[in-house]
file coords.csv (CSV, C-alpha atoms)
chain,number,residue,atom,x,y,z
A,50,MET,CA,-21.1,16.6,28.2
A,51,GLU,CA,-19.7,17.2,24.7
A,52,ASN,CA,-16.1,16.6,25.8
A,53,THR,CA,-16.8,13.4,27.8
A,54,ILE,CA,-15.3,10.1,26.7
A,55,LYS,CA,-18.0,7.6,25.7
A,56,VAL,CA,-17.2,4.2,27.2
A,57,MET,CA,-18.8,0.7,26.9
A,58,VAL,CA,-18.1,-1.9,29.6
A,59,VAL,CA,-17.9,-5.6,28.6
A,60,ASP,CA,-17.8,-8.3,31.3
A,61,ASP,CA,-19.7,-11.5,31.8
A,62,SER,CA,-20.4,-10.6,35.4
A,63,ALA,CA,-23.4,-8.2,35.9
A,64,SER,CA,-22.2,-7.1,39.3
A,65,THR,CA,-18.7,-6.3,37.9
A,66,ARG,CA,-20.3,-4.2,35.2
A,67,GLY,CA,-22.4,-2.4,37.7
A,68,MET,CA,-19.4,-1.6,39.9
A,69,LEU,CA,-17.4,-0.3,37.0
A,70,ARG,CA,-20.3,1.9,35.8
A,71,GLU,CA,-20.6,3.5,39.2
A,72,ALA,CA,-16.8,4.0,39.5
A,73,LEU,CA,-16.5,5.5,36.1
A,74,THR,CA,-19.4,7.9,36.4
A,75,MET,CA,-17.7,9.5,39.4
A,76,ASP,CA,-15.3,11.0,36.9
A,77,GLY,CA,-17.0,13.9,35.0
A,78,GLY,CA,-15.0,13.3,31.9
A,79,ILE,CA,-16.3,9.8,31.3
A,80,ARG,CA,-19.7,8.6,30.3
A,81,VAL,CA,-20.7,4.9,30.2
A,82,ILE,CA,-23.1,4.6,27.3
A,83,GLY,CA,-23.6,0.8,27.3
A,84,GLU,CA,-22.7,-2.6,28.6
A,85,ALA,CA,-22.3,-6.2,27.2
A,86,GLY,CA,-22.0,-9.5,28.9
A,87,SER,CA,-20.3,-11.6,26.1
A,88,GLY,CA,-18.1,-11.2,23.1
A,89,PRO,CA,-20.9,-11.5,20.5
A,90,GLU,CA,-23.0,-9.0,22.4
A,91,ALA,CA,-20.1,-6.6,22.6
A,92,VAL,CA,-19.6,-6.8,18.8
A,93,ALA,CA,-23.3,-6.0,18.2
A,94,ARG,CA,-23.5,-3.2,20.9
A,95,ALA,CA,-20.3,-1.6,19.6
A,96,ALA,CA,-21.8,-1.3,16.1
A,97,GLU,CA,-24.9,0.2,17.6
A,98,LEU,CA,-23.5,2.6,20.2
A,99,ARG,CA,-20.1,3.6,18.6
A,100,PRO,CA,-18.2,4.1,21.9
A,101,GLU,CA,-14.8,5.8,21.9
A,102,VAL,CA,-13.3,3.3,24.4
A,103,ILE,CA,-14.4,-0.2,25.3
A,104,LEU,CA,-13.3,-1.9,28.6
A,105,MET,CA,-13.1,-5.5,27.5
A,106,ASP,CA,-12.9,-8.6,29.7
A,107,VAL,CA,-10.6,-11.1,28.0
A,108,ARG,CA,-12.0,-14.5,29.1
A,109,MET,CA,-15.9,-14.8,29.1
A,110,PRO,CA,-18.0,-18.0,28.9
A,111,GLY,CA,-20.3,-16.4,26.4
A,112,GLY,CA,-17.6,-15.4,23.9
A,113,ASP,CA,-13.9,-14.6,23.8
A,114,GLY,CA,-12.8,-11.0,24.4
A,115,VAL,CA,-9.8,-11.4,22.0
A,116,LYS,CA,-12.1,-12.5,19.1
A,117,ALA,CA,-14.6,-9.8,19.9
A,118,ALA,CA,-11.8,-7.1,20.0
A,119,GLY,CA,-10.6,-8.2,16.5
A,120,GLU,CA,-14.1,-8.1,15.0
A,121,ILE,CA,-14.9,-4.7,16.5
A,122,LEU,CA,-11.7,-3.1,15.3
A,123,ALA,CA,-12.0,-4.7,11.8
A,124,SER,CA,-15.4,-3.0,11.6
A,125,ASP,CA,-14.4,0.3,13.2
A,126,PRO,CA,-10.7,0.9,13.8
A,127,SER,CA,-11.4,4.3,15.5
A,128,ILE,CA,-12.7,2.5,18.6
A,129,LYS,CA,-10.0,2.0,21.3
A,130,ILE,CA,-10.1,-1.2,23.4
A,131,VAL,CA,-8.6,-1.5,26.9
A,132,ALA,CA,-8.4,-5.0,28.2
A,133,LEU,CA,-9.6,-5.4,31.8
A,134,THR,CA,-8.9,-8.8,33.2
A,135,TRP,CA,-7.6,-10.9,36.1
A,136,SER,CA,-5.0,-12.5,33.9
A,137,ASP,CA,-1.4,-11.2,33.7
A,138,ASP,CA,-0.3,-14.3,31.7
A,139,PRO,CA,2.1,-13.2,28.9
A,140,ALA,CA,0.3,-15.3,26.3
A,141,THR,CA,-3.0,-13.6,27.2
A,142,VAL,CA,-1.4,-10.1,27.0
A,143,ARG,CA,0.1,-11.0,23.6
A,144,GLU,CA,-3.2,-12.3,22.3
A,145,MET,CA,-5.1,-9.1,23.3
A,146,LEU,CA,-2.5,-6.7,22.0
A,147,THR,CA,-2.3,-8.6,18.8
A,148,ALA,CA,-6.1,-8.3,18.4
A,149,GLY,CA,-5.6,-4.5,18.6
A,150,ALA,CA,-6.1,-3.5,22.2
A,151,ILE,CA,-4.3,-0.3,23.0
A,152,GLY,CA,-4.3,-0.8,26.8
A,153,TYR,CA,-4.1,-3.7,29.3
A,154,VAL,CA,-5.2,-3.3,32.9
A,155,VAL,CA,-5.2,-6.1,35.5
A,156,LYS,CA,-8.2,-6.1,37.8
A,157,GLY,CA,-7.4,-5.3,41.4
A,158,GLY,CA,-5.7,-2.0,40.7
A,159,THR,CA,-6.8,1.5,41.7
A,160,ILE,CA,-9.6,3.3,40.0
A,161,ASP,CA,-7.1,6.1,39.1
A,162,GLU,CA,-5.1,3.5,37.1
A,163,LEU,CA,-8.2,2.5,35.2
A,164,LEU,CA,-9.2,6.1,34.5
A,165,GLN,CA,-5.7,6.9,33.3
A,166,ALA,CA,-5.8,4.0,30.9
A,167,ILE,CA,-9.2,5.1,29.5
A,168,ARG,CA,-8.0,8.7,29.0
A,169,LYS,CA,-4.8,7.6,27.3
A,170,ALA,CA,-6.7,5.2,25.1
A,171,ALA,CA,-9.1,7.9,24.1
A,172,GLY,CA,-6.1,10.0,23.1
A,173,GLY,CA,-4.5,7.2,21.1
A,174,LYS,CA,-1.8,6.5,23.7
A,175,PRO,CA,-1.1,2.9,24.8
A,176,GLU,CA,-1.1,2.0,28.5
A,177,LEU,CA,0.2,-1.3,30.0
A,178,ASP,CA,-0.3,-2.3,33.6
A,179,GLU,CA,3.0,-2.4,35.4
A,180,ARG,CA,2.3,-6.0,36.4
A,181,VAL,CA,2.3,-7.1,32.8
A,182,LEU,CA,4.9,-4.7,31.5
A,183,PRO,CA,8.0,-6.8,32.2
A,184,ALA,CA,6.5,-9.8,30.4
A,185,ALA,CA,5.4,-7.6,27.5
A,186,VAL,CA,8.9,-6.2,27.2
A,187,GLU,CA,10.4,-9.7,27.3
A,188,ASP,CA,7.9,-10.8,24.7
A,189,LEU,CA,9.0,-7.8,22.5
A,190,ARG,CA,12.7,-8.6,23.0
A,191,ARG,CA,12.1,-12.2,22.0
A,192,LEU,CA,10.1,-11.2,18.9
A,193,LEU,CA,12.8,-8.8,17.8
A,194,GLU,CA,15.4,-11.4,18.3
A,195,GLU,CA,13.4,-13.9,16.1
A,196,GLU,CA,13.0,-11.2,13.5
A,197,ARG,CA,16.7,-10.5,13.5
A,198,GLU,CA,17.4,-14.2,13.0
A,199,ARG,CA,14.8,-14.4,10.2
A,200,ARG,CA,16.4,-11.4,8.5
A,201,GLU,CA,19.8,-12.9,8.7
A,202,GLN,CA,18.5,-16.1,7.2
A,203,VAL,CA,16.8,-14.3,4.4
A,204,GLU,CA,20.1,-12.4,3.7
A,205,ARG,CA,22.0,-15.7,3.7
A,206,LEU,CA,19.5,-17.2,1.3
A,207,ALA,CA,19.6,-14.1,-1.0
A,208,LYS,CA,23.4,-14.3,-1.1
A,209,ALA,CA,23.4,-18.0,-1.8
A,210,ARG,CA,20.9,-17.4,-4.6
A,211,GLU,CA,23.0,-14.6,-6.1
A,212,GLU,CA,26.1,-16.8,-6.0
A,213,PHE,CA,24.2,-19.7,-7.6
A,214,VAL,CA,23.0,-17.5,-10.4
A,215,GLN,CA,26.5,-16.1,-10.9
A,216,VAL,CA,28.0,-19.6,-11.1
A,217,LEU,CA,25.2,-20.8,-13.4
A,218,SER,CA,25.6,-17.8,-15.7
A,219,HIS,CA,29.3,-18.4,-15.9
A,220,GLU,CA,29.0,-22.1,-16.6
A,221,LEU,CA,26.4,-21.5,-19.3
A,222,ARG,CA,28.3,-18.6,-21.0
A,223,THR,CA,31.5,-20.5,-21.5
A,224,PRO,CA,30.1,-23.4,-23.5
A,225,LEU,CA,27.7,-21.1,-25.4
A,226,THR,CA,30.7,-19.0,-26.5
A,227,VAL,CA,32.5,-22.1,-27.7
A,228,ILE,CA,29.4,-23.3,-29.6
A,229,SER,CA,28.8,-19.9,-31.1
A,230,GLY,CA,32.4,-19.6,-32.2
A,231,ALA,CA,32.4,-23.1,-33.8
A,232,LEU,CA,29.1,-22.5,-35.6
A,233,LYS,CA,30.4,-19.2,-37.0
A,234,MET,CA,33.6,-20.9,-38.2
A,235,LEU,CA,31.6,-23.5,-40.0
A,236,GLN,CA,29.4,-20.8,-41.6
A,237,LYS,CA,32.5,-18.9,-42.8
A,238,ALA,CA,34.0,-22.1,-44.2
A,239,GLY,CA,31.0,-22.6,-46.4
A,240,VAL,CA,28.5,-25.4,-46.4
A,241,GLY,CA,25.6,-26.6,-48.5
A,242,GLU,CA,22.2,-24.9,-48.7
A,243,ASP,CA,20.5,-27.3,-46.3
A,244,GLU,CA,23.4,-27.1,-43.8
A,245,ALA,CA,23.5,-23.3,-44.1
A,246,SER,CA,19.8,-23.1,-43.0
A,247,LEU,CA,20.5,-25.4,-40.1
A,248,LEU,CA,23.6,-23.3,-39.1
A,249,GLU,CA,21.6,-20.1,-39.2
A,250,SER,CA,18.9,-21.6,-37.0
A,251,ALA,CA,21.5,-22.9,-34.5
A,252,LEU,CA,23.3,-19.5,-34.3
A,253,ARG,CA,19.9,-17.8,-33.7
A,254,ARG,CA,19.1,-20.2,-30.9
A,255,THR,CA,22.6,-19.8,-29.4
A,256,SER,CA,22.2,-16.0,-29.5
A,257,GLU,CA,18.8,-16.3,-27.7
A,258,LEU,CA,20.4,-18.5,-25.0
A,259,GLU,CA,23.2,-15.9,-24.6
A,260,PHE,CA,20.6,-13.2,-24.1
A,261,VAL,CA,18.9,-15.4,-21.5
A,262,VAL,CA,22.2,-15.7,-19.7
A,263,GLU,CA,22.7,-11.9,-19.8
A,264,GLY,CA,19.3,-11.5,-18.1
A,265,LEU,CA,20.4,-13.9,-15.3
A,266,GLU,CA,23.6,-12.0,-14.9
A,267,LEU,CA,21.7,-8.8,-14.5
A,268,ILE,CA,19.5,-10.4,-11.8
A,269,ALA,CA,22.6,-11.5,-10.0
A,270,SER,CA,24.2,-8.1,-10.2
A,271,SER,CA,23.7,-5.3,-7.6
A,272,PRO,CA,22.2,-2.2,-9.2
A,273,SER,CA,24.3,0.9,-8.9
A,274,ALA,CA,22.6,4.1,-7.8
A,275,GLU,CA,24.8,6.0,-10.3
A,276,GLY,CA,23.7,7.1,-13.7
A,277,VAL,CA,20.4,8.3,-15.3
A,278,ALA,CA,18.3,5.9,-17.4
A,279,SER,CA,16.4,6.9,-20.4
A,280,ALA,CA,13.1,5.1,-21.0
A,281,ARG,CA,12.9,6.3,-24.6
A,282,ALA,CA,16.4,4.9,-25.4
A,283,ALA,CA,15.4,1.6,-23.8
A,284,VAL,CA,12.3,1.3,-26.0
A,285,ASN,CA,14.4,2.1,-29.1
A,286,THR,CA,17.0,-0.5,-28.2
A,287,ALA,CA,14.4,-3.1,-27.5
A,288,SER,CA,12.6,-2.3,-30.8
A,289,GLN,CA,15.8,-2.7,-32.8
A,290,ARG,CA,16.5,-6.1,-31.3
A,291,LEU,CA,13.0,-7.3,-31.8
A,292,GLY,CA,12.8,-5.9,-35.4
A,293,GLU,CA,9.5,-4.1,-34.8
A,294,SER,CA,8.3,-1.0,-33.0
A,295,PRO,CA,5.3,0.0,-30.9
A,296,ASP,CA,2.5,1.9,-32.6
A,297,SER,CA,3.0,4.9,-30.2
A,298,ILE,CA,5.5,6.1,-27.6
A,299,GLU,CA,4.8,8.7,-25.1
A,300,ALA,CA,7.8,9.3,-22.9
A,301,ASP,CA,8.9,12.2,-20.7
A,302,ALA,CA,12.2,13.8,-21.6
A,303,GLU,CA,13.4,13.6,-18.0
A,304,GLY,CA,15.8,10.8,-17.2
A,305,TRP,CA,15.4,8.4,-14.3
A,306,PRO,CA,18.2,9.0,-11.8
A,307,GLY,CA,19.6,6.0,-9.9
A,308,ILE,CA,18.2,3.3,-12.2
A,309,PRO,CA,20.7,1.3,-14.3
A,310,GLN,CA,20.1,1.7,-18.1
A,311,PRO,CA,20.7,-2.0,-18.7
A,312,TYR,CA,17.8,-2.8,-16.3
A,313,VAL,CA,15.4,-0.6,-18.1
A,314,ASP,CA,16.6,-1.8,-21.5
A,315,ARG,CA,15.9,-5.4,-20.5
A,316,VAL,CA,12.5,-4.7,-19.0
A,317,ALA,CA,11.4,-2.8,-22.1
A,318,PHE,CA,12.5,-5.7,-24.3
A,319,GLU,CA,10.6,-8.3,-22.3
A,320,LEU,CA,7.4,-6.2,-22.1
A,321,LEU,CA,7.5,-5.4,-25.8
A,322,SER,CA,8.4,-9.0,-26.7
A,323,ASN,CA,5.4,-10.2,-24.7
A,324,ALA,CA,3.1,-7.7,-26.4
A,325,PHE,CA,4.3,-8.4,-29.9
A,326,ARG,CA,4.3,-12.2,-29.6
A,327,HIS,CA,1.2,-12.8,-27.6
A,328,GLY,CA,-0.9,-9.7,-27.8
A,329,LYS,CA,-2.7,-7.7,-30.4
A,330,ARG,CA,-1.9,-4.3,-31.9
A,331,PRO,CA,-1.9,-1.4,-31.4
A,332,VAL,CA,0.9,-1.7,-28.9
A,333,GLU,CA,1.3,1.6,-27.0
A,334,VAL,CA,4.2,2.6,-24.7
A,335,THR,CA,4.0,5.2,-21.9
A,336,ALA,CA,7.0,6.2,-19.8
A,337,LYS,CA,6.8,8.8,-17.0
A,338,ARG,CA,8.2,10.0,-13.8
A,339,GLU,CA,6.0,10.6,-10.7
A,340,ALA,CA,6.5,11.4,-7.1
A,341,ASN,CA,6.5,7.7,-6.1
A,342,GLY,CA,8.8,6.5,-8.8
A,343,ALA,CA,9.2,5.9,-12.6
A,344,PHE,CA,6.8,3.8,-14.7
A,345,LEU,CA,7.2,2.0,-18.0
A,346,VAL,CA,3.8,0.8,-19.3
A,347,VAL,CA,3.3,-1.3,-22.4
A,348,ALA,CA,-0.3,-1.8,-23.4
A,349,ASP,CA,-1.7,-4.0,-26.2
A,350,HIS,CA,-5.2,-5.1,-27.1
A,351,GLY,CA,-5.0,-8.8,-26.2
A,352,GLU,CA,-7.1,-8.4,-23.0
A,353,TRP,CA,-5.1,-10.9,-21.0
A,354,THR,CA,-4.2,-11.2,-17.4
A,355,PRO,CA,-1.7,-13.8,-16.1
A,356,PRO,CA,-3.2,-16.4,-13.6
A,357,HIS,CA,-0.4,-15.4,-11.2
A,358,GLN,CA,1.4,-12.2,-10.6
A,359,ASP,CA,4.6,-13.7,-9.0
A,360,PHE,CA,6.1,-14.4,-12.4
A,361,THR,CA,7.7,-17.7,-11.3
A,362,ALA,CA,10.5,-18.7,-13.7
A,363,PHE,CA,9.5,-21.3,-16.3
A,364,LEU,CA,5.8,-21.3,-15.2
A,365,GLN,CA,3.7,-22.6,-18.0
A,366,GLY,CA,0.0,-22.0,-17.9
A,367,ASP,CA,-2.8,-23.5,-19.9
A,368,MET,CA,-2.4,-22.5,-23.6
A,369,SER,CA,-5.8,-20.8,-23.6
A,370,ALA,CA,-4.7,-18.6,-20.7
A,371,THR,CA,-1.4,-17.5,-22.2
A,372,ARG,CA,-2.6,-15.8,-25.3
A,373,MET,CA,-2.0,-18.5,-27.9
A,374,ALA,CA,1.5,-19.6,-27.0
A,375,GLY,CA,4.5,-19.7,-24.7
A,376,GLY,CA,3.4,-19.0,-21.2
A,377,PHE,CA,4.9,-16.1,-19.3
A,378,GLY,CA,8.0,-17.8,-18.0
A,379,LEU,CA,11.6,-16.7,-18.0
A,380,GLY,CA,11.3,-13.3,-19.8
A,381,LEU,CA,8.7,-11.8,-17.4
A,382,PHE,CA,10.5,-13.5,-14.5
A,383,VAL,CA,13.7,-11.6,-15.4
A,384,ALA,CA,11.7,-8.3,-15.9
A,385,SER,CA,9.9,-8.7,-12.5
A,386,ARG,CA,13.2,-9.4,-10.6
A,387,LEU,CA,14.9,-6.4,-12.2
A,388,CYS,CA,12.0,-4.2,-11.1
A,389,GLU,CA,12.3,-5.6,-7.6
A,390,ALA,CA,16.0,-5.0,-7.5
A,391,CYS,CA,15.1,-1.3,-8.0
A,392,TYR,CA,12.5,-1.5,-5.2
A,393,GLY,CA,9.7,-1.6,-7.6
A,394,GLU,CA,7.4,-4.2,-9.1
A,395,LEU,CA,5.9,-5.6,-12.3
A,396,SER,CA,2.2,-6.0,-12.7
A,397,ILE,CA,0.1,-7.2,-15.7
A,398,ARG,CA,-3.7,-6.8,-15.8
A,399,SER,CA,-6.6,-6.5,-18.2
A,400,GLU,CA,-8.0,-3.0,-18.3
A,401,ASN,CA,-10.7,-1.7,-20.7
A,402,GLY,CA,-10.1,-4.3,-23.3
A,403,ALA,CA,-6.3,-4.0,-23.2
A,404,THR,CA,-3.5,-5.9,-21.5
A,405,ARG,CA,-1.5,-3.4,-19.5
A,406,ALA,CA,2.0,-4.4,-18.3
A,407,GLU,CA,3.4,-1.9,-15.8
A,408,ALA,CA,7.0,-1.8,-14.6
A,409,GLN,CA,7.7,0.4,-11.6
A,410,PHE,CA,11.1,1.6,-10.5
A,411,GLN,CA,12.0,3.6,-7.4
A,412,LEU,CA,14.0,6.7,-8.2
A,413,ARG,CA,17.1,7.3,-6.1

call {"tool": "encode", "arguments": {"input": "coords.csv", "output": "structure tokens"}}
result
Amino acid sequence: MENTIKVMVVDDSASTRGMLREALTMDGGIRVIGEAGSGPEAVARAAELRPEVILMDVRMPGGDGVKAAGEILASDPSIKIVALTWSDDPATVREMLTAGAIGYVVKGGTIDELLQAIRKAAGGKPELDERVLPAAVEDLRRLLEEERERREQVERLAKAREEFVQVLSHELRTPLTVISGALKMLQKAGVGEDEASLLESALRRTSELEFVVEGLELIASSPSAEGVASARAAVNTASQRLGESPDSIEADAEGWPGIPQPYVDRVAFELLSNAFRHGKRPVEVTAKREANGAFLVVADHGEWTPPHQDFTAFLQGDMSATRMAGGFGLGLFVASRLCEACYGELSIRSENGATRAEAQFQLR
């Protein structure tokens, strides 16, 4: 009896349950351990009896078999469910398979077909009745076609976004170059003390805007798999630009193959900038390689977590939620998109009194 398959029968008809029990017990490898007459009862009995396979009627007055199947599998995914019903309607088949059923048998077939479906289900192998197979295949074909169309639409949108960012970057860079050049000419020509201060501020702002454009250009570019990035070099470059350094750096000597150095440079700058401007020291940097990718972590002691992790561009939160100033707009938006371009992600969370910003990149 140890090798027998434990089966529970679910059907709103007591006579049908009785006939199924008798038919199944004729096979020495199957043991019926319980019955249920409705969906809710099936959920309760499954939790109590822990069958290996459940024969589940789809439509029952006392509760829907589709809903019951979903609840049972959510509680115990090891249970295998075989739908047993009169309906060969494609929509019903789809609903039951979506709920997690591994088999679908139409009533009226032979007992051998039912036994085969139970044995296959117990072994984790799907079994569809030949009467529903054509409709199921057609359903699959339609779904695959819809998925292909969705993928093509996503690719078109991604290309359009890339072209838009490229055009926007170009249109911004040209006037910024002209403005910067004009300001430098004025500065070189010599102006009064008040005007000199204004010119210095204008040049600084222009440089910041040019840096923003560089970030947009990086997002619009396609990362090359060539080259080996250095996280330590990226942190040093970011520190020089920011004019301040983290309190500690712990970085592996190993390079990160297949990740563009400019991407890591920019991500390091944005994470350090966020920590210096809105966090609290000490600011600690950790960079390491692992089996599932490369990680750049910047931690400070501001104990702050953004209200959203999608880093939408220009998103401005409540001042109290954004560590005194600024929000987490374009800078972290750029950093997150550069991580995604390398099949990674950016996350920021509060952990043990510290704000931990973690950039992940996939090695290639």

call {"tool": "atom_distance", "arguments": {"input": "coords.csv", "atom1": "atom CA of A:Lys233", "atom2": "atom CA of A:Glu259"}}
result
14.7 Å

call {"tool": "residues_around", "arguments": {"input": "coords.csv", "residues": "A:Asp113", "least_positions_apart": "5", "cutoff": "8 Å", "atoms": "only C-alpha atoms", "output": "VMD selection string"}}
result
chain A and resid 87 to 88 107 to 108

call {"tool": "atom_distance", "arguments": {"input": "coords.csv", "atom1": "atom CA of A:Ser279", "atom2": "atom CA of A:Pro295"}}
result
16.8 Å

call {"tool": "residues_around", "arguments": {"input": "coords.csv", "residues": "A:Leu146", "least_positions_apart": "5", "cutoff": "9 Å", "atoms": "only C-alpha atoms", "output": "list in words"}}
result
Val115, Ala132, Thr141, Ile151, Gly152 and Tyr153 of chain A

call {"tool": "atom_distance", "arguments": {"input": "coords.csv", "atom1": "atom CA of A:Glu319", "atom2": "atom CA of A:Gly380"}}
result
5.6 Å

call {"tool": "residues_around", "arguments": {"input": "coords.csv", "residues": "stretch 340-343 of chain A", "least_positions_apart": "4", "cutoff": "9 Å", "atoms": "all atoms listed in the file", "output": "list in words"}}
result
Trp305, Ala336, Gly393, Ala408, Gln409, Phe410, Gln411, Leu412 and Arg413 of chain A

call {"tool": "closest_residue", "arguments": {"input": "coords.csv", "among": "A:Ala231, A:Val81, A:Ser62, A:Asp314", "to": "A:Pro110", "atoms": "only C-alpha atoms"}}
result
A:Ser62

call {"tool": "residues_around", "arguments": {"input": "coords.csv", "residues": "stretch 164-178 of chain A", "least_positions_apart": "5", "cutoff": "12 Å", "atoms": "all atoms listed in the file", "output": "MDAnalysis selection string"}}
result
chainID A and resid 52:58 69:70 72:81 100:105 126:137 142:143 145:146 149:159 183:186

call {"tool": "write_last_selection", "arguments": {"input": "coords.csv", "atoms": "C-alpha atoms", "output": "mmCIF file, keeping the file's coordinate frame"}}
result
data_model
loop_
_atom_site.group_PDB
_atom_site.id
_atom_site.type_symbol
_atom_site.label_atom_id
_atom_site.label_comp_id
_atom_site.auth_asym_id
_atom_site.auth_seq_id
_atom_site.Cartn_x
_atom_site.Cartn_y
_atom_site.Cartn_z
ATOM 1 C CA ASN A 52 -16.100 16.600 25.800
ATOM 2 C CA THR A 53 -16.800 13.400 27.800
ATOM 3 C CA ILE A 54 -15.300 10.100 26.700
ATOM 4 C CA LYS A 55 -18.000 7.600 25.700
ATOM 5 C CA VAL A 56 -17.200 4.200 27.200
ATOM 6 C CA MET A 57 -18.800 0.700 26.900
ATOM 7 C CA VAL A 58 -18.100 -1.900 29.600
ATOM 8 C CA LEU A 69 -17.400 -0.300 37.000
ATOM 9 C CA ARG A 70 -20.300 1.900 35.800
ATOM 10 C CA ALA A 72 -16.800 4.000 39.500
ATOM 11 C CA LEU A 73 -16.500 5.500 36.100
ATOM 12 C CA THR A 74 -19.400 7.900 36.400
ATOM 13 C CA MET A 75 -17.700 9.500 39.400
ATOM 14 C CA ASP A 76 -15.300 11.000 36.900
ATOM 15 C CA GLY A 77 -17.000 13.900 35.000
ATOM 16 C CA GLY A 78 -15.000 13.300 31.900
ATOM 17 C CA ILE A 79 -16.300 9.800 31.300
ATOM 18 C CA ARG A 80 -19.700 8.600 30.300
ATOM 19 C CA VAL A 81 -20.700 4.900 30.200
ATOM 20 C CA PRO A 100 -18.200 4.100 21.900
ATOM 21 C CA GLU A 101 -14.800 5.800 21.900
ATOM 22 C CA VAL A 102 -13.300 3.300 24.400
ATOM 23 C CA ILE A 103 -14.400 -0.200 25.300
ATOM 24 C CA LEU A 104 -13.300 -1.900 28.600
ATOM 25 C CA MET A 105 -13.100 -5.500 27.500
ATOM 26 C CA PRO A 126 -10.700 0.900 13.800
ATOM 27 C CA SER A 127 -11.400 4.300 15.500
ATOM 28 C CA ILE A 128 -12.700 2.500 18.600
ATOM 29 C CA LYS A 129 -10.000 2.000 21.300
ATOM 30 C CA ILE A 130 -10.100 -1.200 23.400
ATOM 31 C CA VAL A 131 -8.600 -1.500 26.900
ATOM 32 C CA ALA A 132 -8.400 -5.000 28.200
ATOM 33 C CA LEU A 133 -9.600 -5.400 31.800
ATOM 34 C CA THR A 134 -8.900 -8.800 33.200
ATOM 35 C CA TRP A 135 -7.600 -10.900 36.100
ATOM 36 C CA SER A 136 -5.000 -12.500 33.900
ATOM 37 C CA ASP A 137 -1.400 -11.200 33.700
ATOM 38 C CA VAL A 142 -1.400 -10.100 27.000
ATOM 39 C CA ARG A 143 0.100 -11.000 23.600
ATOM 40 C CA MET A 145 -5.100 -9.100 23.300
ATOM 41 C CA LEU A 146 -2.500 -6.700 22.000
ATOM 42 C CA GLY A 149 -5.600 -4.500 18.600
ATOM 43 C CA ALA A 150 -6.100 -3.500 22.200
ATOM 44 C CA ILE A 151 -4.300 -0.300 23.000
ATOM 45 C CA GLY A 152 -4.300 -0.800 26.800
ATOM 46 C CA TYR A 153 -4.100 -3.700 29.300
ATOM 47 C CA VAL A 154 -5.200 -3.300 32.900
ATOM 48 C CA VAL A 155 -5.200 -6.100 35.500
ATOM 49 C CA LYS A 156 -8.200 -6.100 37.800
ATOM 50 C CA GLY A 157 -7.400 -5.300 41.400
ATOM 51 C CA GLY A 158 -5.700 -2.000 40.700
ATOM 52 C CA THR A 159 -6.800 1.500 41.700
ATOM 53 C CA PRO A 183 8.000 -6.800 32.200
ATOM 54 C CA ALA A 184 6.500 -9.800 30.400
ATOM 55 C CA ALA A 185 5.400 -7.600 27.500
ATOM 56 C CA VAL A 186 8.900 -6.200 27.200
#

call {"tool": "closest_residue", "arguments": {"input": "coords.csv", "among": "A:Cys388, A:Ala300, A:Leu258, A:Ile268", "to": "A:Val313", "atoms": "only C-alpha atoms"}}
result
A:Cys388
